[in-house]
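For reference, the structure is listed below as structure tokens.
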Amino acid sequence: MRFTYLWPWWAVALGLAIMASITVYGYLRLNRPLSRRFKVLLIGLRIFAALVLLICLLEPVLIERKDITPPTNLLVLADTSQSMQLQDVESVGQSSTRLDLVNRILFHPASRFLPTLTDRFDVHLYRFDKQSHQIPREIGSLDAVGGLTDIATSIHDASNEWRGQLLAGIVLLTDGAHNASTSVVGRLTEAEIPIYAVGVGAPIPPRDLKLSRVEVSPIVYTEHNVPIRVTVDHTGYSGSQTRVSLMIDNQVVDNVPITLTDEPTQMIEFSLNPQEEGTFQYVVSVPTLEGELTAENNTRAFPLKVVKTKLHLLYIEGQPGWEYAFLKRIVERDPNIDSTCVVLSSKTPNQLRGTLLARYNGYYPQTTQTTQMSRVPETLEELLFYDILIIGDLRSDTLTPQQHTAIVDFVEREGKAVIFLGGQHSLGRDGFRKTELASLLPVVIPPNGCYVQDEDFSLKLTQQGMYHPITRLAETQAKVEALWRDLPPLSRRLGGFQLKSGATTLAEFQSEKNQTTLPIMIFQRSGLGKSLLIAAEGLWNWGFGVWNFKDEDDTYPRFWGQTIRWMSTRTDTKRINVTTDLIAYSVGDEVQIIAYTYNESYQPMVAADLKIEVTPPDEKHFQVRIGAYSQEPGAYRAQFRANQKGAYRIRATGVDRSATLGEDLTEVFVASPLAEFDHPQLNEDLLKQLASKTSGHYTSIADVESLPEKIKPVQESVFAVQERDLWDNPIVLILAVGFLGTEWFLRTRRGLV
């Protein structure tokens, strides 16, 4: 307590003494006989009343210290990925799954774990696999359903919900099977949140047999032997004998006996010789051995796309150069392509004097076929021997008008494909602008020809190019973006043209100076066929490898292999084409569907009435909601979550003004994610490192009851000082009136008033 007006102590004492003296003097002068005790009582009452009034004049203030420490939050994250269903722990003397033990600790009425934490903290409960999700305490139990585990993202997302509030730490109940991203410790150390890790499971690798890897080319060819390499890993089964089987539609295609050695990893190989085209789902399996931890990793499914054995390709170039040399070498090395590469010059013999072409009158064919081609095909019948045509940087008069007509019919009437390697001749003033080939180009060449810019530049994929079979050079979108970002630059680009209405840009050049874009790789459908224009030079630079991983790079041959193979795939007369971003998924993944629609002239249709029906493995088909893709005319997108193992059939149908557009079918395959079982033992090293680096603590599930006392408080208690006026209080008035009233009452009784 303190006083607002703090008078000197002597002044207070003097005032009190004066009041007491006056009171005593007054009662001593009374003529009435009063007992001494009664006089002392009256004097005391008067002095106490005066004392109360004197204290009020000093305005006393009561100082109170109040605890205002905000509540401290504690997050409890329980792992619900599929590895938590492994049975390698004990509960109440019996073997139990990892998640059953976690459920017992969190939700069993006899468990004191959560109540003990609740006594000290505001506890918030989460489940997590790839992401974290808050759950109520009343949920009762958790199920192991997650296909992957991402500890870093789950902790990051959960802690972000409590940003700005006191957080004592995070209790993490998991087996440490982090498999959805790379960085864990570094990312969580930066957050400065203590991690109290509880290890669930046995740290010793259990007895297990698994198929850890299947290596096979995703695209193979009919009547070709296809090697399929299978990696078999085991723990604790040395000397055991088993068989690895290759199956399709539950029928065994081949099996290989294997004796497990002391080496933990062995490799076997199957040889397959497909006879039919199509996409097939194969399964490699091995029987479950006695005492195995799980049978989930004893099978692996993989898709195999079988295409036509050999493609016949004709490449016509105007002059030998680096582009011609590199591309020629790529197609000649491909065992599935019969290539004919031709240098065809329009120069006169005098202009060619002294060159190799002078010996052959401007015509020099190089072919992998057994018979040499005596001349470039003149008629459509001769040209139909080939599946795809590549036309380099030619002048308009290099080919005859009859050859121009044959090439146009080759594409538009016969449904074949042509690739134009644009250059200063073919896209210049004397190029294809006034020839019949202009109808096949996806661009309109200006009257003076395209301009030429000689400088190094890089390409960036458009949204369409990110998922297109030509430019998708990796399995995931992140890898595709990284690969195209690191590709060596091209050396020359051509511009000034206009895109035709049905053209689709797959890759472009983005200028940082004027914030403009220039299409470089442009595709369109021409009649029944396809055409592709690459309006740049220098793709051969990619033959030296992608920056950052040149030693293992196959980008250049993969690009041309995908381009040639996809361009040569016939579309026939289908006006609906449906595809997906992948052909194989894991259970729980989102399947992205992309459908393209075309009108009678094979131009993109922007107002089609489209339906997409999905038939899952249980044959209970359903329709998915479709939305038009604004960045690409005629394209529609849909998606669904694949929750079952097996083959999903996707069927697209459509109508336009009551006229049918036909239908298209595709199939995708869904398998169980096996990453959760690649390393099934408890990852104690990761959890201990995580706890140590974040100033937390690690404990095993057996000692979890001791964990609450090891969780440190965030800070000391916080107190606030509050002041309350005592003089401005009804009690003070009651005391003053009470003392004076009592004195007046007693005096009245004795007749002193």
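Going by the structure tokens order, chains are called A, B, ..., each with residues numbered from 1, while ligands are numbered from 1 in the order shown.
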Point to revise | For Thr517 in chain A: contacts at 12 Å, only C-alpha atoms, fewer than 6 positions along chain excluded, given as a list in words | key: Ser458, Leu459, Lys460, Leu461, Thr462, Gly495, Gly496, Thr505, Ala507, Glu508, Phe509, Gln510 and Ser511 of chain A
Review point. Thr72 in chain A: which residues within 12 Å, counting only C-alpha atoms, same-chain residues fewer than 6 positions away excluded, as a ChimeraX atom specification?
Key: /A:117-124,162,164-170,711-717
Check your understanding: Hey, which of A:Thr580, A:Thr279, A:Asn250, A:Ser695 ends up closest to Pro469 in chain A? Count only C-alpha atoms.
Key ->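 Of A:Thr580, A:Thr279, A:Asn250, A:Ser695, the one nearest Pro469 in chain A is A:Thr580, counting only C-alpha atoms.
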Shell of 12 Å around Ala325 in chain A, only C-alpha atoms, local chain residues under 2 positions omitted, as an mmCIF file with N, CA and C atoms, in the first residue's frame:
data_model
loop_
_atom_site.group_PDB
_atom_site.id
_atom_site.type_symbol
_atom_site.label_atom_id
_atom_site.label_comp_id
_atom_site.auth_asym_id
_atom_site.auth_seq_id
_atom_site.Cartn_x
_atom_site.Cartn_y
_atom_site.Cartn_z
ATOM 1 N N TYR A 315 14.970 -37.286 -92.903
ATOM 2 C CA TYR A 315 15.471 -35.978 -92.458
ATOM 3 C C TYR A 315 16.153 -35.317 -93.643
ATOM 4 N N GLU A 317 18.012 -31.900 -94.942
ATOM 5 C CA GLU A 317 18.686 -30.682 -94.493
ATOM 6 C C GLU A 317 19.308 -29.982 -95.695
ATOM 7 N N GLN A 319 22.086 -27.990 -95.678
ATOM 8 C CA GLN A 319 23.538 -27.996 -95.696
ATOM 9 C C GLN A 319 24.038 -28.695 -94.432
ATOM 10 N N PRO A 320 25.200 -29.334 -94.509
ATOM 11 C CA PRO A 320 25.723 -30.000 -93.307
ATOM 12 C C PRO A 320 26.123 -28.967 -92.261
ATOM 13 N N GLY A 321 25.896 -29.289 -91.023
ATOM 14 C CA GLY A 321 26.247 -28.392 -89.920
ATOM 15 C C GLY A 321 26.138 -29.148 -88.615
ATOM 16 N N TRP A 322 26.297 -28.406 -87.510
ATOM 17 C CA TRP A 322 26.268 -29.053 -86.201
ATOM 18 C C TRP A 322 24.891 -29.662 -85.911
ATOM 19 N N GLU A 323 23.822 -28.942 -86.280
ATOM 20 C CA GLU A 323 22.487 -29.463 -86.015
ATOM 21 C C GLU A 323 22.280 -30.778 -86.754
ATOM 22 N N LEU A 327 21.848 -34.414 -84.715
ATOM 23 C CA LEU A 327 20.568 -35.085 -84.850
ATOM 24 C C LEU A 327 20.720 -36.385 -85.641
ATOM 25 N N LYS A 328 21.538 -36.370 -86.672
ATOM 26 C CA LYS A 328 21.789 -37.574 -87.464
ATOM 27 C C LYS A 328 22.374 -38.680 -86.580
ATOM 28 N N ARG A 329 23.305 -38.314 -85.718
ATOM 29 C CA ARG A 329 23.923 -39.311 -84.845
ATOM 30 C C ARG A 329 22.904 -39.897 -83.864
ATOM 31 N N ILE A 330 21.991 -39.059 -83.361
ATOM 32 C CA ILE A 330 20.988 -39.530 -82.406
ATOM 33 C C ILE A 330 20.054 -40.538 -83.052
ATOM 34 N N VAL A 331 19.511 -40.207 -84.235
ATOM 35 C CA VAL A 331 18.537 -41.112 -84.858
ATOM 36 C C VAL A 331 19.202 -42.382 -85.370
ATOM 37 N N GLU A 332 20.481 -42.302 -85.765
ATOM 38 C CA GLU A 332 21.183 -43.499 -86.222
ATOM 39 C C GLU A 332 21.476 -44.457 -85.074
ATOM 40 N N CYS A 341 18.938 -39.750 -93.669
ATOM 41 C CA CYS A 341 19.328 -38.355 -93.508
ATOM 42 C C CYS A 341 19.904 -37.862 -94.834
ATOM 43 N N VAL A 342 19.356 -36.794 -95.342
ATOM 44 C CA VAL A 342 19.699 -36.307 -96.679
ATOM 45 C C VAL A 342 20.140 -34.855 -96.599
ATOM 46 N N VAL A 343 21.295 -34.543 -97.230
ATOM 47 C CA VAL A 343 21.699 -33.151 -97.448
ATOM 48 C C VAL A 343 21.326 -32.821 -98.889
ATOM 49 N N GLN A 366 22.338 -40.281 -96.462
ATOM 50 C CA GLN A 366 22.977 -41.184 -95.502
ATOM 51 C C GLN A 366 21.856 -41.932 -94.794
ATOM 52 N N GLY A 538 20.509 -24.283 -82.595
ATOM 53 C CA GLY A 538 21.427 -24.531 -81.489
ATOM 54 C C GLY A 538 20.989 -25.612 -80.542
ATOM 55 N N LEU A 539 19.957 -26.391 -80.915
ATOM 56 C CA LEU A 539 19.559 -27.492 -80.038
ATOM 57 C C LEU A 539 20.672 -28.510 -79.852
ATOM 58 N N TRP A 540 21.599 -28.540 -80.778
ATOM 59 C CA TRP A 540 22.705 -29.487 -80.652
ATOM 60 C C TRP A 540 23.552 -29.207 -79.407
ATOM 61 N N ASN A 541 23.456 -27.972 -78.862
ATOM 62 C CA ASN A 541 24.168 -27.679 -77.607
ATOM 63 C C ASN A 541 23.717 -28.600 -76.478
ATOM 64 N N GLY A 543 23.289 -31.598 -76.651
ATOM 65 C CA GLY A 543 24.009 -32.860 -76.756
ATOM 66 C C GLY A 543 25.212 -32.941 -75.851
#
Point to revise | Non-local contacts of Leu610 in chain A (12 Å; only C-alpha atoms; under 4 positions in same chain excluded) as number ranges by chain | key: A: 575-578, 594-598, 605-606, 623-628, 634-638, 651-658, 660-664
**Study point:** Shell of 7 Å around range 201-211 of chain A, only C-alpha atoms, local chain residues under 5 positions omitted, as a list in words
**Key:**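 Residues near the query, excluding close chain neighbours: Asp88, Val89, Arg98, Asp175, Thr231, Val232, Asp233, His234, Thr235, Gly236, Gly291, Glu292, Leu293, Asn297, Asn298, Thr299, Arg300, Gln681, Leu682, Asn683 and Glu684 of chain A.
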Take the residues from that selection and put them in a file with C-alpha atoms, as an mmCIF file, in the first residue's frame.
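Written out: result_4.cif:
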data_model
loop_
_atom_site.group_PDB
_atom_site.id
_atom_site.type_symbol
_atom_site.label_atom_id
_atom_site.label_comp_id
_atom_site.auth_asym_id
_atom_site.auth_seq_id
_atom_site.Cartn_x
_atom_site.Cartn_y
_atom_site.Cartn_z
ATOM 1 C CA ASP A 88 6.957 -54.906 -33.670
ATOM 2 C CA VAL A 89 6.141 -53.452 -30.203
ATOM 3 C CA ARG A 98 2.971 -49.219 -33.442
ATOM 4 C CA ASP A 175 8.854 -44.243 -36.056
ATOM 5 C CA THR A 231 16.380 -55.764 -57.029
ATOM 6 C CA VAL A 232 15.619 -58.075 -54.090
ATOM 7 C CA ASP A 233 16.556 -57.002 -50.545
ATOM 8 C CA HIS A 234 16.319 -59.173 -47.456
ATOM 9 C CA THR A 235 17.149 -59.133 -43.769
ATOM 10 C CA GLY A 236 17.496 -62.341 -41.794
ATOM 11 C CA GLY A 291 8.147 -64.286 -39.834
ATOM 12 C CA GLU A 292 8.175 -61.347 -42.266
ATOM 13 C CA LEU A 293 7.378 -57.958 -40.799
ATOM 14 C CA ASN A 297 6.710 -54.724 -50.099
ATOM 15 C CA ASN A 298 6.671 -58.223 -51.632
ATOM 16 C CA THR A 299 5.035 -56.982 -54.840
ATOM 17 C CA ARG A 300 5.767 -54.153 -57.249
ATOM 18 C CA GLN A 681 12.827 -50.183 -38.491
ATOM 19 C CA LEU A 682 12.640 -47.289 -36.023
ATOM 20 C CA ASN A 683 14.877 -44.434 -37.218
ATOM 21 C CA GLU A 684 16.319 -43.567 -33.828
#
Practice item. Could you tell me, as number ranges by chain, which residues of range 138-308 of chain A DSSP assigns to helix (DSSP H, G or I) when given the backbone? Key: A: 138-139, 151-160, 185-191, 296-298
Keeping only N, CA and C atoms, write those residues as a PDB file, in the first residue's frame.
ATOM      1  N   GLU A 138     -11.616 -36.161 -28.368  1.00  0.00           N
ATOM      2  CA  GLU A 138     -12.682 -37.155 -28.269  1.00  0.00           C
ATOM      3  C   GLU A 138     -12.645 -38.168 -29.408  1.00  0.00           C
ATOM      4  N   ILE A 139     -11.706 -38.067 -30.315  1.00  0.00           N
ATOM      5  CA  ILE A 139     -11.688 -38.947 -31.482  1.00  0.00           C
ATOM      6  C   ILE A 139     -11.526 -40.411 -31.094  1.00  0.00           C
ATOM      7  N   ILE A 151       7.911 -35.421 -41.993  1.00  0.00           N
ATOM      8  CA  ILE A 151       7.991 -34.879 -40.637  1.00  0.00           C
ATOM      9  C   ILE A 151       8.192 -33.368 -40.672  1.00  0.00           C
ATOM     10  N   ALA A 152       9.067 -32.892 -41.550  1.00  0.00           N
ATOM     11  CA  ALA A 152       9.395 -31.470 -41.585  1.00  0.00           C
ATOM     12  C   ALA A 152       8.174 -30.630 -41.935  1.00  0.00           C
ATOM     13  N   THR A 153       7.478 -30.981 -43.003  1.00  0.00           N
ATOM     14  CA  THR A 153       6.301 -30.208 -43.417  1.00  0.00           C
ATOM     15  C   THR A 153       5.196 -30.276 -42.376  1.00  0.00           C
ATOM     16  N   SER A 154       4.987 -31.428 -41.778  1.00  0.00           N
ATOM     17  CA  SER A 154       3.929 -31.582 -40.779  1.00  0.00           C
ATOM     18  C   SER A 154       4.185 -30.701 -39.565  1.00  0.00           C
ATOM     19  N   ILE A 155       5.416 -30.697 -39.061  1.00  0.00           N
ATOM     20  CA  ILE A 155       5.748 -29.854 -37.908  1.00  0.00           C
ATOM     21  C   ILE A 155       5.665 -28.385 -38.287  1.00  0.00           C
ATOM     22  N   HIS A 156       6.153 -28.052 -39.465  1.00  0.00           N
ATOM     23  CA  HIS A 156       6.133 -26.657 -39.911  1.00  0.00           C
ATOM     24  C   HIS A 156       4.694 -26.143 -40.015  1.00  0.00           C
ATOM     25  N   ASP A 157       3.800 -26.922 -40.610  1.00  0.00           N
ATOM     26  CA  ASP A 157       2.415 -26.481 -40.775  1.00  0.00           C
ATOM     27  C   ASP A 157       1.703 -26.372 -39.434  1.00  0.00           C
ATOM     28  N   ALA A 158       1.919 -27.337 -38.547  1.00  0.00           N
ATOM     29  CA  ALA A 158       1.249 -27.296 -37.245  1.00  0.00           C
ATOM     30  C   ALA A 158       1.730 -26.111 -36.405  1.00  0.00           C
ATOM     31  N   SER A 159       3.031 -25.868 -36.382  1.00  0.00           N
ATOM     32  CA  SER A 159       3.566 -24.759 -35.578  1.00  0.00           C
ATOM     33  C   SER A 159       3.144 -23.407 -36.133  1.00  0.00           C
ATOM     34  N   ASN A 160       2.954 -23.317 -37.455  1.00  0.00           N
ATOM     35  CA  ASN A 160       2.521 -22.049 -38.049  1.00  0.00           C
ATOM     36  C   ASN A 160       1.132 -21.644 -37.576  1.00  0.00           C
ATOM     37  N   VAL A 185      16.222 -32.040 -40.366  1.00  0.00           N
ATOM     38  CA  VAL A 185      16.863 -31.428 -39.210  1.00  0.00           C
ATOM     39  C   VAL A 185      17.168 -29.959 -39.477  1.00  0.00           C
ATOM     40  N   GLY A 186      17.779 -29.653 -40.623  1.00  0.00           N
ATOM     41  CA  GLY A 186      18.142 -28.268 -40.911  1.00  0.00           C
ATOM     42  C   GLY A 186      16.944 -27.351 -40.943  1.00  0.00           C
ATOM     43  N   ARG A 187      15.882 -27.807 -41.555  1.00  0.00           N
ATOM     44  CA  ARG A 187      14.685 -26.970 -41.681  1.00  0.00           C
ATOM     45  C   ARG A 187      14.027 -26.720 -40.333  1.00  0.00           C
ATOM     46  N   LEU A 188      13.998 -27.730 -39.457  1.00  0.00           N
ATOM     47  CA  LEU A 188      13.340 -27.579 -38.170  1.00  0.00           C
ATOM     48  C   LEU A 188      14.223 -26.879 -37.150  1.00  0.00           C
ATOM     49  N   THR A 189      15.531 -26.971 -37.323  1.00  0.00           N
ATOM     50  CA  THR A 189      16.430 -26.257 -36.413  1.00  0.00           C
ATOM     51  C   THR A 189      16.236 -24.754 -36.540  1.00  0.00           C
ATOM     52  N   GLU A 190      15.989 -24.281 -37.756  1.00  0.00           N
ATOM     53  CA  GLU A 190      15.789 -22.851 -37.982  1.00  0.00           C
ATOM     54  C   GLU A 190      14.538 -22.340 -37.274  1.00  0.00           C
ATOM     55  N   ALA A 191      13.544 -23.200 -37.057  1.00  0.00           N
ATOM     56  CA  ALA A 191      12.303 -22.767 -36.415  1.00  0.00           C
ATOM     57  C   ALA A 191      12.476 -22.521 -34.920  1.00  0.00           C
ATOM     58  N   GLU A 296       3.567 -56.089 -47.627  1.00  0.00           N
ATOM     59  CA  GLU A 296       3.236 -54.994 -48.535  1.00  0.00           C
ATOM     60  C   GLU A 296       4.340 -54.746 -49.559  1.00  0.00           C
ATOM     61  N   ASN A 297       5.601 -55.001 -49.176  1.00  0.00           N
ATOM     62  CA  ASN A 297       6.710 -54.724 -50.099  1.00  0.00           C
ATOM     63  C   ASN A 297       7.167 -55.964 -50.860  1.00  0.00           C
ATOM     64  N   ASN A 298       6.322 -57.006 -50.889  1.00  0.00           N
ATOM     65  CA  ASN A 298       6.671 -58.223 -51.632  1.00  0.00           C
ATOM     66  C   ASN A 298       6.184 -58.186 -53.079  1.00  0.00           C
TER      67      ASN A 298
END
Exercise for review: Go through A:Lys513, A:Arg749, A:Ala736, A:Ser238 one by one, measure the shortest atom-to-atom distance of each to Leu51 in chain A using only C-alpha atoms, and give the residue with the smallest value.
Suggested key: A:Ala736
**Study point:** Which of range 385-506 of chain A DSSP labels strand (DSSP E or B), written as a PyMOL selection string
**Key:** chain A and resi 388-391+417-421+443-444+451-457+460-461+490-495+498-499+504-506
**Study point:** 6 Å contact set for Gly415 in chain A, only C-alpha atoms, chain neighbours under 4 positions out, as a PyMOL selection string
**Key:** chain A and resi 411+528-529
Practice item. Excluding Val52 in chain A and residues on its chain fewer than 2 positions from it, collect all residues at most 8 Å away from it, counting only C-alpha atoms, and give them as an MDAnalysis selection string. Key: chainID A and resid 48:50 54:56 732 735:736
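Between CA of Ile650 in chain A and CA of Glu276 in chain A the interatomic distance comes to 21.1 Å.
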Point to revise | Which of A:Val220, A:Cys450, A:Leu740, A:Leu62 sits closest to Gly278 in chain A [using only C-alpha atoms] | key: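 Closest to Gly278 in chain A, using only C-alpha atoms: A:Val220.
The gap separating CA of Ile228 in chain A from CA of Glu215 in chain A is 5.9 Å, in Å to one decimal.
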Check your understanding: From the set A:Thr516, A:Gln722, A:Gln85, A:Asn73, which residue has the shortest atom-to-atom contact distance to Leu125 in chain A, counting only C-alpha atoms?
Key -> A:Asn73
Check your understanding: Which of these, A:Ala78, A:Val668, A:Ile407, A:Ile593, has the shortest distance to Lys611 in chain A once you count only C-alpha atoms?
Key ->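 Nearest to Lys611 in chain A: A:Ile593.
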